[in-house]
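Q: Below is protein36.cif; it holds mmCIF, C-alpha atoms; chains and numbers go by the auth columns.
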```
data_query
loop_
_atom_site.group_PDB
_atom_site.id
_atom_site.type_symbol
_atom_site.label_atom_id
_atom_site.label_comp_id
_atom_site.label_asym_id
_atom_site.label_seq_id
_atom_site.Cartn_x
_atom_site.Cartn_y
_atom_site.Cartn_z
_atom_site.B_iso_or_equiv
_atom_site.auth_seq_id
_atom_site.auth_asym_id
ATOM 1 C CA SER A 1 0.000 0.000 0.000 0.00 21 A
ATOM 2 C CA THR A 2 1.402 3.388 -0.920 0.00 22 A
ATOM 3 C CA THR A 3 -0.796 5.383 1.427 0.00 23 A
ATOM 4 C CA ASP A 4 -1.795 5.254 5.087 0.00 24 A
ATOM 5 C CA TYR A 5 -4.992 7.217 4.486 0.00 25 A
ATOM 6 C CA ILE A 6 -7.207 4.299 5.515 0.00 26 A
ATOM 7 C CA GLN A 7 -5.182 3.615 8.658 0.00 27 A
ATOM 8 C CA HIS A 8 -5.425 7.277 9.671 0.00 28 A
ATOM 9 C CA LYS A 9 -9.178 7.483 9.043 0.00 29 A
ATOM 10 C CA ASP A 10 -10.468 3.989 9.845 0.00 30 A
ATOM 11 C CA ALA A 11 -9.678 2.028 13.007 0.00 31 A
ATOM 12 C CA PRO A 12 -9.059 -1.749 12.794 0.00 32 A
ATOM 13 C CA GLY A 13 -12.309 -3.681 12.474 0.00 33 A
ATOM 14 C CA THR A 14 -14.353 -0.795 11.073 0.00 34 A
ATOM 15 C CA PRO A 15 -16.140 -1.206 7.710 0.00 35 A
ATOM 16 C CA GLY A 16 -13.661 1.053 5.883 0.00 36 A
ATOM 17 C CA ALA A 17 -10.627 -0.786 7.210 0.00 37 A
ATOM 18 C CA ASN A 18 -12.163 -4.196 6.562 0.00 38 A
ATOM 19 C CA ALA A 19 -13.058 -3.295 2.967 0.00 39 A
ATOM 20 C CA PHE A 20 -9.544 -1.984 2.306 0.00 40 A
ATOM 21 C CA TYR A 21 -7.816 -5.081 3.662 0.00 41 A
ATOM 22 C CA ALA A 22 -10.235 -7.396 1.868 0.00 42 A
ATOM 23 C CA ALA A 23 -9.219 -5.715 -1.387 0.00 43 A
ATOM 24 C CA MET A 24 -5.519 -5.972 -0.490 0.00 44 A
ATOM 25 C CA ASP A 25 -5.955 -9.642 0.418 0.00 45 A
ATOM 26 C CA GLY A 26 -7.421 -10.263 -3.026 0.00 46 A
ATOM 27 C CA TYR A 27 -4.395 -8.742 -4.754 0.00 47 A
ATOM 28 C CA LEU A 28 -1.995 -10.671 -2.530 0.00 48 A
ATOM 29 C CA GLN A 29 -3.847 -13.926 -3.134 0.00 49 A
ATOM 30 C CA ARG A 30 -3.412 -13.486 -6.889 0.00 50 A
ATOM 31 C CA LEU A 31 0.323 -12.846 -6.492 0.00 51 A
ATOM 32 C CA ASP A 32 0.669 -15.883 -4.235 0.00 52 A
ATOM 33 C CA ALA A 33 -1.125 -18.048 -6.797 0.00 53 A
ATOM 34 C CA LEU A 34 1.397 -16.929 -9.433 0.00 54 A
ATOM 35 C CA GLY A 35 4.210 -18.259 -7.228 0.00 55 A
ATOM 36 C CA ALA A 36 5.575 -14.968 -5.940 0.00 56 A
ATOM 37 C CA THR A 37 7.349 -14.724 -2.611 0.00 57 A
ATOM 38 C CA LEU A 38 5.465 -12.079 -0.641 0.00 58 A
ATOM 39 C CA ALA A 39 6.963 -10.141 2.245 0.00 59 A
ATOM 40 C CA LEU A 40 4.708 -7.599 3.934 0.00 60 A
ATOM 41 C CA THR A 41 5.619 -5.002 6.521 0.00 61 A
ATOM 42 C CA ALA A 42 4.912 -1.382 7.417 0.00 62 A
ATOM 43 C CA ASP A 43 6.775 1.865 8.001 0.00 63 A
ATOM 44 C CA HIS A 44 5.097 2.494 11.360 0.00 64 A
ATOM 45 C CA GLY A 45 2.151 1.613 13.555 0.00 65 A
ATOM 46 C CA MET A 46 -0.920 3.721 14.251 0.00 66 A
ATOM 47 C CA ASN A 47 -2.990 4.539 17.336 0.00 67 A
ATOM 48 C CA ALA A 48 -6.057 6.506 18.285 0.00 68 A
ATOM 49 C CA LYS A 49 -5.012 9.901 19.667 0.00 69 A
ATOM 50 C CA THR A 50 -8.230 11.047 21.281 0.00 70 A
ATOM 51 C CA ASP A 51 -9.579 11.797 24.727 0.00 71 A
ATOM 52 C CA ALA A 52 -12.644 10.267 26.377 0.00 72 A
ATOM 53 C CA LYS A 53 -14.922 12.538 24.322 0.00 73 A
ATOM 54 C CA GLY A 54 -13.267 11.549 21.056 0.00 74 A
ATOM 55 C CA ASP A 55 -11.532 14.910 20.580 0.00 75 A
ATOM 56 C CA PRO A 56 -7.858 15.195 19.540 0.00 76 A
ATOM 57 C CA ASN A 57 -5.679 14.658 22.616 0.00 77 A
ATOM 58 C CA VAL A 58 -2.997 17.283 22.024 0.00 78 A
ATOM 59 C CA ILE A 59 -0.131 18.811 23.978 0.00 79 A
ATOM 60 C CA TYR A 60 0.710 22.095 22.226 0.00 80 A
ATOM 61 C CA LEU A 61 4.419 22.268 22.992 0.00 81 A
ATOM 62 C CA GLN A 62 5.102 25.684 21.474 0.00 82 A
ATOM 63 C CA ASP A 63 2.415 27.204 23.664 0.00 83 A
ATOM 64 C CA VAL A 64 3.881 25.421 26.697 0.00 84 A
ATOM 65 C CA LEU A 65 7.411 26.630 26.001 0.00 85 A
ATOM 66 C CA ASP A 66 6.233 30.169 25.239 0.00 86 A
ATOM 67 C CA SER A 67 4.558 30.265 28.651 0.00 87 A
ATOM 68 C CA TRP A 68 7.742 29.035 30.361 0.00 88 A
ATOM 69 C CA LEU A 69 10.457 30.870 28.431 0.00 89 A
ATOM 70 C CA GLY A 70 8.764 33.780 26.708 0.00 90 A
ATOM 71 C CA GLN A 71 7.178 34.175 23.292 0.00 91 A
ATOM 72 C CA GLY A 72 9.338 32.660 20.569 0.00 92 A
ATOM 73 C CA ALA A 73 12.345 31.967 22.798 0.00 93 A
ATOM 74 C CA ALA A 74 12.193 28.285 21.870 0.00 94 A
ATOM 75 C CA ARG A 75 11.095 26.583 18.675 0.00 95 A
ATOM 76 C CA VAL A 76 9.225 23.299 18.231 0.00 96 A
ATOM 77 C CA ILE A 77 9.671 21.278 15.027 0.00 97 A
ATOM 78 C CA LEU A 78 7.188 18.511 14.180 0.00 98 A
ATOM 79 C CA PRO A 79 8.552 16.112 11.530 0.00 99 A
ATOM 80 C CA ILE A 80 5.002 14.937 10.731 0.00 100 A
ATOM 81 C CA THR A 81 4.039 18.424 9.499 0.00 101 A
ATOM 82 C CA ASP A 82 2.965 18.174 5.871 0.00 102 A
ATOM 83 C CA PRO A 83 0.133 19.416 3.635 0.00 103 A
ATOM 84 C CA TYR A 84 -1.997 16.298 4.253 0.00 104 A
ATOM 85 C CA VAL A 85 -3.858 17.698 7.242 0.00 105 A
ATOM 86 C CA LEU A 86 -6.875 15.569 6.322 0.00 106 A
ATOM 87 C CA HIS A 87 -4.868 12.590 7.595 0.00 107 A
ATOM 88 C CA HIS A 88 -3.601 13.807 10.947 0.00 108 A
ATOM 89 C CA GLY A 89 -3.851 17.563 11.265 0.00 109 A
ATOM 90 C CA ALA A 90 -0.018 17.751 11.330 0.00 110 A
ATOM 91 C CA LEU A 91 -0.132 16.169 14.804 0.00 111 A
ATOM 92 C CA GLY A 92 2.176 13.312 15.762 0.00 112 A
ATOM 93 C CA SER A 93 3.958 11.850 18.758 0.00 113 A
ATOM 94 C CA PHE A 94 7.505 13.095 18.051 0.00 114 A
ATOM 95 C CA ALA A 95 8.895 16.618 18.329 0.00 115 A
ATOM 96 C CA VAL A 96 12.295 18.304 18.203 0.00 116 A
ATOM 97 C CA LEU A 97 13.016 21.320 20.402 0.00 117 A
ATOM 98 C CA HIS A 98 15.414 24.208 19.804 0.00 118 A
ATOM 99 C CA LEU A 99 16.009 25.824 23.192 0.00 119 A
ATOM 100 C CA PRO A 100 17.784 28.938 24.519 0.00 120 A
ATOM 101 C CA PRO A 101 21.221 28.219 26.022 0.00 121 A
ATOM 102 C CA GLY A 102 21.124 27.113 29.631 0.00 122 A
ATOM 103 C CA THR A 103 17.438 26.121 29.675 0.00 123 A
ATOM 104 C CA GLU A 104 17.633 22.489 28.520 0.00 124 A
ATOM 105 C CA ALA A 105 17.858 20.727 31.888 0.00 125 A
ATOM 106 C CA ASP A 106 14.978 22.664 33.429 0.00 126 A
ATOM 107 C CA VAL A 107 12.745 22.359 30.363 0.00 127 A
ATOM 108 C CA LEU A 108 13.310 18.609 30.052 0.00 128 A
ATOM 109 C CA ALA A 109 12.653 18.048 33.756 0.00 129 A
ATOM 110 C CA ARG A 110 9.382 19.967 33.547 0.00 130 A
ATOM 111 C CA LEU A 111 8.316 18.149 30.383 0.00 131 A
ATOM 112 C CA LYS A 112 9.047 14.746 31.924 0.00 132 A
ATOM 113 C CA ALA A 113 6.684 15.621 34.771 0.00 133 A
ATOM 114 C CA MET A 114 3.814 16.405 32.393 0.00 134 A
ATOM 115 C CA ASP A 115 0.973 13.961 31.846 0.00 135 A
ATOM 116 C CA GLY A 116 1.145 12.525 28.342 0.00 136 A
ATOM 117 C CA ILE A 117 4.920 12.842 27.852 0.00 137 A
ATOM 118 C CA GLU A 118 6.611 9.472 27.367 0.00 138 A
ATOM 119 C CA SER A 119 10.184 10.749 26.963 0.00 139 A
ATOM 120 C CA ALA A 120 11.978 14.096 26.956 0.00 140 A
ATOM 121 C CA LEU A 121 15.623 13.553 26.005 0.00 141 A
ATOM 122 C CA PRO A 122 18.661 15.710 25.294 0.00 142 A
ATOM 123 C CA LYS A 123 19.928 15.503 21.730 0.00 143 A
ATOM 124 C CA ALA A 124 22.876 13.190 22.351 0.00 144 A
ATOM 125 C CA GLU A 125 20.783 10.625 24.212 0.00 145 A
ATOM 126 C CA ALA A 126 17.947 10.775 21.676 0.00 146 A
ATOM 127 C CA CYS A 127 20.353 10.324 18.774 0.00 147 A
ATOM 128 C CA ARG A 128 21.953 7.269 20.397 0.00 148 A
ATOM 129 C CA ARG A 129 18.637 5.690 21.327 0.00 149 A
ATOM 130 C CA PHE A 130 16.820 6.283 18.039 0.00 150 A
ATOM 131 C CA GLU A 131 19.778 6.317 15.607 0.00 151 A
ATOM 132 C CA LEU A 132 19.143 9.917 14.581 0.00 152 A
ATOM 133 C CA PRO A 133 21.655 12.132 12.741 0.00 153 A
ATOM 134 C CA PRO A 134 23.025 14.659 15.274 0.00 154 A
ATOM 135 C CA ASP A 135 23.687 17.304 12.615 0.00 155 A
ATOM 136 C CA ARG A 136 19.976 17.450 11.796 0.00 156 A
ATOM 137 C CA MET A 137 18.554 17.533 15.303 0.00 157 A
ATOM 138 C CA GLY A 138 17.732 20.346 17.695 0.00 158 A
ATOM 139 C CA ASP A 139 18.614 20.466 21.374 0.00 159 A
ATOM 140 C CA ALA A 140 16.079 17.903 22.608 0.00 160 A
ATOM 141 C CA VAL A 141 13.515 15.325 21.517 0.00 161 A
ATOM 142 C CA VAL A 142 10.070 14.808 23.023 0.00 162 A
ATOM 143 C CA LEU A 143 7.733 11.834 22.537 0.00 163 A
ATOM 144 C CA SER A 144 4.155 11.564 23.730 0.00 164 A
ATOM 145 C CA THR A 145 2.339 8.570 25.193 0.00 165 A
ATOM 146 C CA VAL A 146 0.177 6.157 23.228 0.00 166 A
ATOM 147 C CA HIS A 147 -3.022 8.222 23.020 0.00 167 A
ATOM 148 C CA LYS A 148 -1.445 11.695 22.952 0.00 168 A
ATOM 149 C CA VAL A 149 -0.059 13.792 20.119 0.00 169 A
ATOM 150 C CA LEU A 150 2.202 16.826 20.048 0.00 170 A
ATOM 151 C CA GLY A 151 1.400 20.106 18.351 0.00 171 A
ATOM 152 C CA THR A 152 3.094 23.471 18.081 0.00 172 A
ATOM 153 C CA SER A 153 0.495 26.057 19.062 0.00 173 A
ATOM 154 C CA VAL A 154 -3.294 25.983 18.968 0.00 174 A
ATOM 155 C CA ALA A 155 -3.349 28.797 16.408 0.00 175 A
ATOM 156 C CA ARG A 156 -1.113 26.931 13.942 0.00 176 A
ATOM 157 C CA HIS A 157 -3.170 23.737 13.614 0.00 177 A
ATOM 158 C CA ASP A 158 -6.333 23.694 11.531 0.00 178 A
ATOM 159 C CA LEU A 159 -8.212 20.600 12.672 0.00 179 A
ATOM 160 C CA SER A 160 -11.387 21.379 10.739 0.00 180 A
ATOM 161 C CA ALA A 161 -10.565 18.717 8.133 0.00 181 A
ATOM 162 C CA LEU A 162 -10.561 15.936 10.753 0.00 182 A
ATOM 163 C CA LYS A 163 -13.999 14.357 10.347 0.00 183 A
ATOM 164 C CA GLU A 164 -13.154 11.106 12.151 0.00 184 A
ATOM 165 C CA PRO A 165 -11.448 10.610 15.539 0.00 185 A
ATOM 166 C CA LEU A 166 -7.753 11.413 15.224 0.00 186 A
ATOM 167 C CA ARG A 167 -5.355 8.558 14.526 0.00 187 A
ATOM 168 C CA SER A 168 -1.632 9.245 14.214 0.00 188 A
ATOM 169 C CA HIS A 169 1.881 7.971 14.922 0.00 189 A
ATOM 170 C CA GLY A 170 5.495 8.881 15.586 0.00 190 A
ATOM 171 C CA GLY A 171 5.971 7.640 19.153 0.00 191 A
ATOM 172 C CA ILE A 172 7.479 4.600 20.819 0.00 192 A
ATOM 173 C CA SER A 173 4.004 3.060 20.972 0.00 193 A
ATOM 174 C CA GLU A 174 3.910 2.937 17.146 0.00 194 A
ATOM 175 C CA GLN A 175 7.223 1.110 16.728 0.00 195 A
ATOM 176 C CA GLN A 176 5.897 -2.455 16.790 0.00 196 A
ATOM 177 C CA ILE A 177 4.735 -3.544 13.338 0.00 197 A
ATOM 178 C CA PRO A 178 4.044 -6.855 11.582 0.00 198 A
ATOM 179 C CA MET A 179 6.286 -8.714 9.169 0.00 199 A
ATOM 180 C CA VAL A 180 4.384 -11.383 7.255 0.00 200 A
ATOM 181 C CA LEU A 181 5.684 -13.789 4.607 0.00 201 A
ATOM 182 C CA ASN A 182 3.912 -16.446 2.571 0.00 202 A
ATOM 183 C CA ARG A 183 6.854 -18.867 2.776 0.00 203 A
ATOM 184 C CA PRO A 184 8.573 -20.621 5.720 0.00 204 A
ATOM 185 C CA VAL A 185 11.479 -18.639 7.136 0.00 205 A
ATOM 186 C CA GLY A 186 14.592 -20.002 8.821 0.00 206 A
ATOM 187 C CA GLY A 187 18.245 -19.370 9.563 0.00 207 A
ATOM 188 C CA LEU A 188 17.733 -16.132 11.458 0.00 208 A
ATOM 189 C CA VAL A 189 20.066 -15.428 14.379 0.00 209 A
ATOM 190 C CA PRO A 190 18.143 -16.239 17.593 0.00 210 A
ATOM 191 C CA GLY A 191 17.053 -13.086 19.353 0.00 211 A
ATOM 192 C CA ARG A 192 17.857 -10.859 16.384 0.00 212 A
ATOM 193 C CA ARG A 193 15.803 -7.685 16.448 0.00 213 A
ATOM 194 C CA LEU A 194 14.126 -7.341 13.069 0.00 214 A
ATOM 195 C CA ARG A 195 13.182 -3.937 11.694 0.00 215 A
ATOM 196 C CA ASN A 196 11.118 -3.073 8.670 0.00 216 A
ATOM 197 C CA PHE A 197 14.097 -2.662 6.322 0.00 217 A
ATOM 198 C CA ASP A 198 15.208 -6.196 7.246 0.00 218 A
ATOM 199 C CA VAL A 199 12.271 -7.487 5.205 0.00 219 A
ATOM 200 C CA PHE A 200 14.561 -7.541 2.151 0.00 220 A
ATOM 201 C CA ASP A 201 17.163 -9.721 3.903 0.00 221 A
ATOM 202 C CA VAL A 202 14.496 -12.062 5.219 0.00 222 A
ATOM 203 C CA ALA A 203 12.741 -12.424 1.858 0.00 223 A
ATOM 204 C CA LEU A 204 15.927 -12.864 -0.164 0.00 224 A
ATOM 205 C CA ASN A 205 18.107 -14.903 2.208 0.00 225 A
ATOM 206 C CA HIS A 206 15.932 -16.718 4.749 0.00 226 A
ATOM 207 C CA VAL A 207 12.933 -18.077 2.843 0.00 227 A
ATOM 208 C CA HIS A 208 12.784 -21.867 2.371 0.00 228 A
#
```
Could I get this structure in the form of structure tokens?
A:
Amino acid sequence: STTDYIQHKDAPGTPGANAFYAAMDGYLQRLDALGATLALTADHGMNAKTDAKGDPNVIYLQDVLDSWLGQGAARVILPITDPYVLHHGALGSFAVLHLPPGTEADVLARLKAMDGIESALPKAEACRRFELPPDRMGDAVVLSTVHKVLGTSVARHDLSALKEPLRSHGGISEQQIPMVLNRPVGGLVPGRRLRNFDVFDVALNHVH
């Protein structure tokens, strides 16, 4: 699948999701019948990001930092920001912070104490943990919990296009994904941690 539109708009088990996967299953069945080796995986998981009322469950980090440090003293970058606001309203569970000198320790400590924050890490630790390029990162990385998303400021997010309950990704809770093959697999190193790009190695070198 070259889009995650359905996964953003339709939760597992809903009519839209079921119809989409039934269609995909039909295509895959035809490929299997032709003798193809099929290896299926995903780029990321997806979770509902709503509160008890079904509204988007957002921590607006730019607003938070502006209240702590002064207007515009810090800057929040959301990698999920793109023109496809119909999908996720440019709200995800990962953010990069650019902070004024000398404020990092205090800001991270206060963020860690907030409800809905899974991790608030200095750049060096975040880059080691998540294999990120240090030359492209800010001063800190923040990740939200499973049903929370991160925004910049309320005024910068137009959520009017979200007609269904918000579903998004980008956090630790969306790391676990399936890897499915239509052939027996063997010869993998016991305990090896597989990631989505390993699907090529598994399909080419470990299928019986």
Q: Kindly provide, as AutoDock Vina command-line options, the centre and edge lengths (Å, one decimal) of an axis-aligned box around all atoms of region 155-166 of chain A given in the file, with 5 Å on each side.
A:
```
--center_x 11.9 --center_y 13.3 --center_z 18.5 --size_x 33.5 --size_y 24.3 --size_z 23.4
```
Q: Using all atoms listed in the file, I'd like a table of the residues in region 109-201 of chain A that come within 6 Å of region 71-79 of chain A; for each, show the closest atom pair and its distance in Å rounded to one decimal, ordered by chain and ascending number, as a Markdown table.
A:
```
| residue | atom | partner | partner_atom | distance |
| --- | --- | --- | --- | --- |
| A:Lys168 | CA | A:Asn77 | CA | 5.2 |
| A:Val169 | CA | A:Val78 | CA | 4.9 |
| A:Leu170 | CA | A:Ile79 | CA | 5.0 |
| A:Gly171 | CA | A:Ile79 | CA | 6.0 |
| A:Pro185 | CA | A:Gly74 | CA | 5.9 |
| A:Leu186 | CA | A:Pro76 | CA | 5.7 |
```
Q: Nearest to Thr123 (chain A): which of A:Ala56, A:Leu89, A:Leu98, A:Leu224 is it, counting all atoms listed in the file?
A: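 Of A:Ala56, A:Leu89, A:Leu98, A:Leu224, the one nearest Thr123 (chain A), counting all atoms listed in the file, is A:Leu89.
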Q: Using all atoms listed in the file, can you tell me which of A:Leu60, A:Val166, A:Ile192, A:Leu117 comes closest to Gly136 (chain A)?
A: A:Val166
Q: Could you check the closest approach to Asn216 (chain A) for each of A:Gly46, A:Pro204, A:Pro153, A:Pro198 and tell me which residue wins, using all atoms listed in the file?
A: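 Among A:Gly46, A:Pro204, A:Pro153, A:Pro198, it is A:Pro198 that comes nearest to Asn216 (chain A).
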Q: Report, in Å with one decimal, the straight-line distance from CA of Ala94 (chain A) to CA of Ser173 (chain A).
A: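 Between these atoms lies a distance of 12.2 Å.
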Q: Given the PyMOL selection byres ((chain A and resi 217) around 12) and the file above, list the residues it selects as a PyMOL selection string.
A: chain A and resi 59-64+197+199+213-216+218-223
Q: Using CA of Leu81 (chain A) and CA of Ile137 (chain A) as the two end points, give the distance in Å to one decimal.
A: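 We find that CA of Leu81 (chain A) and CA of Ile137 (chain A) lie 10.6 Å from each other.
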Q: Identify which of the residues A:Thr34, A:Thr57, A:Ser164, A:Ser113 lies closest to His226 (chain A), counting all atoms listed in the file when measuring atom-to-atom distances.
A: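 Residue with the minimum atom-to-atom distance to His226 (chain A): A:Thr57.
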